[in-house]
file protein-v9.cif (mmCIF, C-alpha atoms and all ligand atoms)
data_protein
loop_
_atom_site.label_atom_id
_atom_site.label_comp_id
_atom_site.auth_asym_id
_atom_site.auth_seq_id
_atom_site.Cartn_x
_atom_site.Cartn_y
_atom_site.Cartn_z
CA MET A 1 1.52 -59.21 -77.60
CA ASN A 2 4.68 -57.56 -78.85
CA LYS A 3 3.70 -54.54 -80.87
CA GLU A 4 5.03 -51.17 -79.85
CA ILE A 5 2.05 -48.87 -79.77
CA LEU A 6 1.49 -45.13 -79.33
CA LEU A 7 -1.52 -43.73 -77.49
CA PRO A 8 -3.08 -42.13 -80.63
CA ASP A 9 -2.66 -45.48 -82.41
CA LEU A 10 -4.38 -47.23 -79.54
CA LEU A 11 -7.28 -44.77 -79.53
CA HIS A 12 -7.63 -45.17 -83.29
CA ASN A 13 -7.46 -48.92 -82.74
CA PHE A 14 -10.34 -48.82 -80.19
CA LYS A 15 -12.44 -46.62 -82.51
CA ARG A 16 -11.82 -48.96 -85.43
CA GLU A 17 -12.88 -51.92 -83.30
CA LYS A 18 -16.14 -50.17 -82.34
CA ILE A 19 -16.99 -49.57 -86.02
CA GLN A 20 -16.00 -53.12 -86.97
CA LYS A 21 -18.20 -54.59 -84.25
CA GLU A 22 -21.17 -52.47 -85.40
CA ASN A 23 -20.57 -53.74 -88.96
CA ILE A 24 -20.45 -57.30 -87.69
CA TYR A 25 -23.79 -56.96 -85.85
CA SER A 26 -25.33 -55.56 -89.00
CA ILE A 27 -23.98 -58.43 -91.17
CA MET A 28 -25.01 -61.02 -88.60
CA GLN A 29 -28.51 -59.62 -88.24
CA LYS A 30 -28.93 -59.65 -92.01
CA ASN A 31 -27.84 -63.28 -92.06
CA ILE A 32 -29.92 -64.09 -88.96
CA LEU A 33 -26.87 -65.59 -87.29
CA ILE A 34 -27.83 -64.30 -83.86
CA LEU A 35 -30.55 -62.46 -81.99
CA ASN A 36 -29.41 -59.01 -80.94
CA THR A 37 -28.37 -60.15 -77.49
CA TRP A 38 -25.03 -58.31 -77.59
CA SER A 39 -26.84 -55.03 -77.02
CA VAL A 40 -28.36 -56.51 -73.83
CA LEU A 41 -24.90 -57.69 -72.69
CA ASN A 42 -23.36 -54.32 -73.57
CA GLY A 43 -26.07 -52.67 -71.45
CA ILE A 44 -25.26 -54.94 -68.47
CA PHE A 45 -21.53 -54.21 -68.86
CA ARG A 46 -22.25 -50.47 -69.06
CA ILE A 47 -24.20 -50.64 -65.77
CA LEU A 48 -21.44 -52.69 -64.09
CA ARG A 49 -18.82 -50.16 -65.21
CA LYS A 50 -20.75 -47.37 -63.50
CA ILE A 51 -21.22 -49.23 -60.19
CA ALA A 52 -17.78 -48.55 -58.75
CA GLY A 53 -14.56 -46.69 -59.58
CA MET A 54 -11.92 -46.85 -62.27
CA GLU A 55 -10.54 -50.24 -61.18
CA ASN A 56 -13.97 -51.82 -61.61
CA THR A 57 -14.37 -50.12 -65.01
CA ILE A 58 -11.08 -51.62 -66.23
CA ILE A 59 -11.99 -55.05 -64.83
CA VAL A 60 -15.27 -54.98 -66.78
CA LEU A 61 -13.51 -53.80 -69.97
CA LEU A 62 -10.81 -56.46 -69.62
CA THR A 63 -13.47 -59.14 -69.14
CA ALA A 64 -15.12 -58.04 -72.39
CA GLU A 65 -11.75 -58.07 -74.22
CA ILE A 66 -11.01 -61.61 -73.01
CA ILE A 67 -14.40 -62.88 -74.17
CA ALA A 68 -13.95 -61.06 -77.50
CA LYS A 69 -10.66 -62.86 -78.11
CA ILE A 70 -12.43 -66.23 -78.05
CA TYR A 71 -15.81 -65.20 -79.49
CA TYR A 72 -14.43 -63.57 -82.66
CA LYS A 73 -12.21 -66.58 -83.27
CA ALA A 74 -15.32 -68.79 -83.11
CA LEU A 75 -17.30 -66.39 -85.33
CA MET A 76 -14.50 -66.32 -87.92
CA GLN A 77 -14.60 -70.11 -88.06
CA ALA A 78 -18.41 -70.24 -88.04
CA THR A 79 -19.08 -67.98 -91.01
CA SER A 80 -18.56 -68.54 -94.71
CA SER A 81 -18.71 -64.78 -95.37
CA GLY A 82 -15.27 -63.54 -96.50
CA LEU A 83 -16.14 -60.02 -95.32
CA LEU A 84 -17.09 -61.19 -91.84
CA GLN A 85 -13.96 -63.36 -91.66
CA SER A 86 -11.70 -60.45 -92.56
CA VAL A 87 -13.37 -58.12 -89.99
CA CYS A 88 -12.99 -60.81 -87.30
CA LYS A 89 -9.35 -61.27 -88.27
CA GLN A 90 -8.69 -57.54 -87.89
CA ILE A 91 -10.44 -57.44 -84.49
CA LEU A 92 -8.43 -60.44 -83.28
CA SER A 93 -5.15 -58.90 -84.41
CA ASP A 94 -5.99 -55.73 -82.41
CA GLU A 95 -7.17 -57.57 -79.32
CA ASP A 96 -3.76 -58.39 -77.78
CA ALA A 97 -2.81 -54.72 -77.65
CA HIS A 98 -6.17 -53.90 -76.02
CA ILE A 99 -5.67 -56.65 -73.41
CA ASP A 100 -2.11 -55.48 -72.70
CA PHE A 101 -3.32 -51.92 -72.30
CA GLN A 102 -6.06 -52.94 -69.84
CA CYS A 103 -3.54 -55.13 -67.91
CA TYR A 104 -1.12 -52.23 -67.71
CA THR A 105 -3.86 -49.85 -66.50
CA LEU A 106 -5.10 -52.35 -63.92
CA PHE A 107 -1.54 -52.92 -62.69
CA ARG A 108 -0.99 -49.16 -62.26
CA LEU A 109 -4.32 -48.76 -60.46
CA THR A 110 -3.62 -51.57 -58.00
CA GLU A 111 0.18 -51.54 -57.53
CA ASN A 112 -0.02 -49.53 -54.29
CA LYS A 113 -2.90 -51.49 -52.84
CA LYS A 114 -2.50 -53.92 -49.97
CA ASN A 115 -2.63 -57.65 -50.74
CA LEU A 116 -6.18 -57.96 -49.37
CA GLY A 117 -7.45 -55.13 -51.57
CA ARG A 118 -5.83 -56.69 -54.63
CA ALA A 119 -7.21 -60.14 -53.73
CA ILE A 120 -10.74 -58.71 -53.50
CA GLY A 121 -10.37 -57.12 -56.96
CA ARG A 122 -9.01 -60.33 -58.47
CA THR A 123 -11.78 -62.40 -56.90
CA TRP A 124 -14.43 -60.04 -58.27
CA HIS A 125 -12.78 -60.23 -61.71
CA PHE A 126 -12.83 -64.05 -61.57
CA ILE A 127 -16.52 -64.13 -60.55
CA LEU A 128 -17.38 -61.66 -63.32
CA MET A 129 -15.42 -63.75 -65.83
CA LEU A 130 -17.26 -66.95 -64.83
CA GLY A 131 -20.64 -65.22 -65.03
CA THR A 132 -19.80 -63.71 -68.43
CA ILE A 133 -18.72 -67.09 -69.80
CA VAL A 134 -22.06 -68.62 -68.77
CA VAL A 135 -24.17 -65.72 -70.13
CA VAL A 136 -22.27 -65.58 -73.44
CA TRP A 137 -22.58 -69.35 -73.79
CA ILE A 138 -26.34 -69.27 -73.14
CA THR A 139 -26.93 -66.39 -75.55
CA HIS A 140 -24.39 -67.23 -78.30
CA ARG A 141 -23.85 -70.96 -78.16
CA THR A 142 -25.14 -71.45 -81.73
CA VAL A 143 -22.29 -69.36 -83.17
CA LEU A 144 -19.75 -70.75 -80.69
CA LYS A 145 -20.64 -74.37 -81.48
CA LYS A 146 -20.63 -73.68 -85.22
CA GLY A 147 -17.13 -72.23 -84.78
CA GLY A 148 -15.95 -75.40 -83.02
CA PHE A 149 -16.25 -74.14 -79.47
CA TYR A 150 -18.34 -76.53 -77.43
CA PHE A 151 -18.84 -75.49 -73.81
CA SER A 152 -15.77 -77.25 -72.41
CA ARG A 153 -13.47 -75.71 -75.04
CA PHE A 154 -15.05 -72.24 -74.73
CA TRP A 155 -14.81 -72.38 -70.92
CA LEU A 156 -11.23 -73.65 -70.91
CA GLN A 157 -9.80 -71.31 -73.55
CA THR A 158 -11.46 -68.25 -72.04
CA LEU A 159 -10.14 -69.13 -68.58
CA LEU A 160 -6.67 -69.73 -70.00
CA VAL A 161 -6.64 -66.17 -71.38
CA PHE A 162 -8.06 -64.92 -68.07
CA PHE A 163 -5.32 -66.61 -66.00
CA GLU A 164 -2.66 -65.39 -68.42
CA THR A 165 -3.81 -61.79 -67.93
CA ASP A 166 -4.16 -62.32 -64.17
CA GLU A 167 -0.54 -63.50 -64.00
CA GLU A 168 0.60 -60.57 -66.13
CA ILE A 169 -1.08 -58.08 -63.79
CA LYS A 170 0.08 -59.87 -60.65
CA ASN A 171 3.70 -60.21 -61.77
CA ASN A 172 3.94 -56.97 -63.73
CA SER A 173 4.90 -59.08 -66.72
CA PHE A 174 2.67 -57.74 -69.51
CA SER A 175 4.38 -56.65 -72.71
CA LYS A 176 6.19 -53.40 -71.87
CA ASN A 177 6.26 -52.60 -75.59
CA CYS A 178 2.48 -52.17 -75.51
CA ILE A 179 2.52 -49.47 -72.84
CA PRO A 180 1.39 -46.27 -74.57
CA LEU A 181 4.51 -44.13 -74.91
CA SER A 182 2.76 -40.90 -74.01
CA VAL A 183 1.53 -42.22 -70.62
FE FE B 201 -10.84 -54.91 -77.99
#

call {"tool": "encode", "arguments": {"input": "protein-v9.cif", "output": "structure tokens"}}
result
Amino acid sequence: MNKEILLPDLLHNFKREKIQKENIYSIMQKNILILNTWSVLNGIFRILRKIAGMENTIIVLLTAEIIAKIYYKALMQATSSGLLQSVCKQILSDEDAHIDFQCYTLFRLTENKKNLGRAIGRTWHFILMLGTIVVVWITHRTVLKKGGFYFSRFWLQTLLVFFETDEEIKNNSFSKNCIPLSV
């Protein structure tokens, strides 16, 4: 999490990730690796993002980034396709900057809140994270297991990333080099 990054780079980075993920779904569907359950999950996340304000939107996005960090590692290890492996590798190398950016945004949105308000947000994020882990496991366990992530490992590694980001937001300790310079 130590790359200096400019806002246009970050936007380009997000766009590239969107295209890469669409390519991955297409490759996976052709190889019948998964049912198209990601579109259902994306729909649920889209609804959740619209329920409340900006803080909730960033919490939902950060939850998706955390899951992506583990899922694409599993997918890279599960597939024998060189193309899929290289796309996963690129997504994973971009993911830390995305997580840092969401941590920074969440920190800025909550820094003036009272402790109770912040605790409510963090509790909601934790509940959402737990629910997402369970849903992603139920819908994508074939790929996860093939990539070496049985439930205990998937659960543990995802929560480790979650607690790392939670600490970064709480202690204002995310990588300052990843703060977009034009913000
Ligand atoms: Fe991302």

call {"tool": "residues_around", "arguments": {"input": "protein-v9.cif", "residues": "range 85-89 of chain A", "least_positions_apart": "5", "cutoff": "12 Å", "atoms": "only C-alpha atoms", "output": "MDAnalysis selection string"}}
result
chainID A and resid 16:25 27:28 68:80 94:95 147

call {"tool": "axis_aligned_box", "arguments": {"input": "protein-v9.cif", "around": "range 16-19 of chain A", "padding_each_side": "8 Å", "output": "AutoDock Vina command-line options"}}
result
--center_x -14.4 --center_y -50.4 --center_z -84.2 --size_x 21.2 --size_y 19.0 --size_z 19.7

call {"tool": "closest_residue", "arguments": {"input": "protein-v9.cif", "among": "A:Arg153, A:His98, A:His12, A:Arg46", "to": "ligand FE 201 (chain B)", "atoms": "all atoms listed in the file"}}
result
A:His98

call {"tool": "residues_around", "arguments": {"input": "protein-v9.cif", "residues": "Thr63 in chain A", "least_positions_apart": "3", "cutoff": "9 Å", "atoms": "only C-alpha atoms", "output": "PyMOL selection string"}}
result
chain A and resi 58-60+66-68+125+128-129+132+162

call {"tool": "atom_distance", "arguments": {"input": "protein-v9.cif", "atom1": "CA of Phe107 in chain A", "atom2": "CA of Asn171 in chain A"}}
result
9.0 Å

call {"tool": "closest_residue", "arguments": {"input": "protein-v9.cif", "among": "A:Phe45, A:Ile99, A:Asn112, A:Trp124", "to": "ligand FE 201 (chain B)", "atoms": "all atoms listed in the file"}}
result
A:Ile99

call {"tool": "atom_distance", "arguments": {"input": "protein-v9.cif", "atom1": "CA of Phe14 in chain A", "atom2": "CA of Glu164 in chain A"}}
result
21.7 Å

call {"tool": "closest_residue", "arguments": {"input": "protein-v9.cif", "among": "A:Ile120, A:Leu159, A:Thr110, A:Glu167", "to": "Ile133 in chain A", "atoms": "all atoms listed in the file"}}
result
A:Leu159

call {"tool": "closest_residue", "arguments": {"input": "protein-v9.cif", "among": "A:Lys15, A:Lys113, A:Arg122, A:His140", "to": "ligand FE 201 (chain B)", "atoms": "only C-alpha atoms and all ligand atoms"}}
result
A:Lys15

call {"tool": "atom_distance", "arguments": {"input": "protein-v9.cif", "atom1": "CA of Asn115 in chain A", "atom2": "CA of Lys170 in chain A"}}
result
10.5 Å

call {"tool": "closest_residue", "arguments": {"input": "protein-v9.cif", "among": "A:Gly121, A:Phe126, A:Val136, A:Leu48", "to": "Leu106 in chain A", "atoms": "all atoms listed in the file"}}
result
A:Gly121
